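Asker: Can you read through this structure? Questions will come right after.
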Amino acid sequence: MKKAFFTHYGVILLLLCIKTVPVFPAALPDTFTVPQSIPAAIIDHINKNLPEFLQDLQEVLDAETNDLLILVDKQHPLSEHYVPKEIIPLSKKRSYALNRADLSLTKQAEAALQRMAAAARNDGVTLLVSSSYRTYLYQKNLFNRYIREAGEKEAERFSARPGTSQHQLGTVVDFGSITDAFAATKAGKWVYKHASEYGWSLSFPKGYEKVTGYIWESWHYRYIGKEACAFQKKWFGDIQQYMLEFIDAWKKQHRS
Ligand SMILES: [Zn+2]
């Protein structure tokens, strides 16, 4: 039995060599543990198109700078000492509008926000920034306030414990009213449609509370870069959480 298998395998390999077809693995390696939250259909699709997927994955990893694709959620908190580099204040002179004076982002995310806001302006839409970079300490105070107001269980659904907020990355913006009503506004619709063209991704989509840990937040966008946005759409059903969990697992398991 074993011998026959190897014989067949040998013939196939020989044919592949003759035709000079590159030999790719047929499936994700057995040694790679796929994060459990990712649906089987997504992994099947990846396995059926593995060479193309691995090439896309490599391009996304090569394009990553400054922790853009770091996984931050309730199971993967940032250290209280994590401070992004090059945080700059948001400015009134740019194409976006500001809801308050003390807003800031990483330099890279601010530039990307400006590009998106300028495009929105061209379409007659103003993007109002209501929240942006939050330090660990700020998040700690905010979360404690929500616990006092709504109770711990409820606060967990819409707010993050310190260390588990994407806002600590300095690459996240909350737009407009920070309420569900935002989705139906001109800005809400524009940003939902166009954000990925500028590298921004909706972190907590509708109907994915069990996956992301958070209720739908139509206003909360994270800058991950255009390559990652396209990759997320093509392979992960446009769900940021699936993609980031996959990349996190991939990086951890390929670190030697
Ligand atoms: Zn937010």
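Labels used: A, B, ... for chains in the order of the structure tokens, numbers from 1 for residues in each chain, and numbers from 1 for ligands as shown.
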Please find the residues contacting ligand 1 at a distance of at most 7 Å between atoms, with only C-alpha atoms and all ligand atoms counted, and report them as a PyMOL selection string.
Answerer: chain A and resi 131+167+172-174+220
Asker: Could you give me, as a count of residues only, the residues within 9 Å of region 185-200 of chain A, counting only C-alpha atoms and dropping anything in the same chain fewer than 4 positions from it?
Answerer: 26
Asker: Between A:Phe231, A:Ser104, A:Glu154, A:His76, single out the one closest to Gln55 (chain A), counting only C-alpha atoms.
Answerer: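 Comparing A:Phe231, A:Ser104, A:Glu154, A:His76 against Gln55 (chain A), the winner is A:Phe231.
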Asker: Just checking: using only C-alpha atoms, which residue out of A:Asp73, A:Glu80, A:Asp62, A:Asp30 ends up closest to Gln240 (chain A)?
Answerer: A:Asp73
Asker: Measuring atom to atom with only C-alpha atoms, identify which of A:Leu61, A:Val83, A:Leu69, A:Ala118 is nearest to Thr135 (chain A).
Answerer: A:Val83
Asker: Taking 3 positions as the minimum chain separation for residues in the same chain, which residues sit within 12 Å of Lys92 (chain A) when counting only C-alpha atoms? Answer as a PDB file with C-alpha atoms, in the first residue's frame.
Answerer:
```
ATOM      1  CA  PRO A  89      -2.211  66.017  17.062  1.00  0.00           C
ATOM      2  CA  SER A  95      -9.932  68.019   5.418  1.00  0.00           C
ATOM      3  CA  TYR A  96     -11.608  66.265   8.361  1.00  0.00           C
ATOM      4  CA  ALA A  97     -13.558  68.066  11.100  1.00  0.00           C
ATOM      5  CA  LEU A  98     -12.841  67.734  14.823  1.00  0.00           C
ATOM      6  CA  ASN A  99     -15.338  67.175  17.603  1.00  0.00           C
ATOM      7  CA  ARG A 100     -12.870  68.148  20.314  1.00  0.00           C
ATOM      8  CA  ALA A 101      -9.445  69.684  20.619  1.00  0.00           C
ATOM      9  CA  ASP A 102      -7.301  66.919  22.109  1.00  0.00           C
ATOM     10  CA  LEU A 103      -7.401  64.328  19.297  1.00  0.00           C
ATOM     11  CA  SER A 104      -4.322  62.571  17.940  1.00  0.00           C
ATOM     12  CA  GLN A 114      -6.381  63.087   5.491  1.00  0.00           C
ATOM     13  CA  LEU A 128     -16.141  64.335  11.768  1.00  0.00           C
ATOM     14  CA  VAL A 129     -13.555  62.783  14.082  1.00  0.00           C
TER      15      VAL A 129
END
```
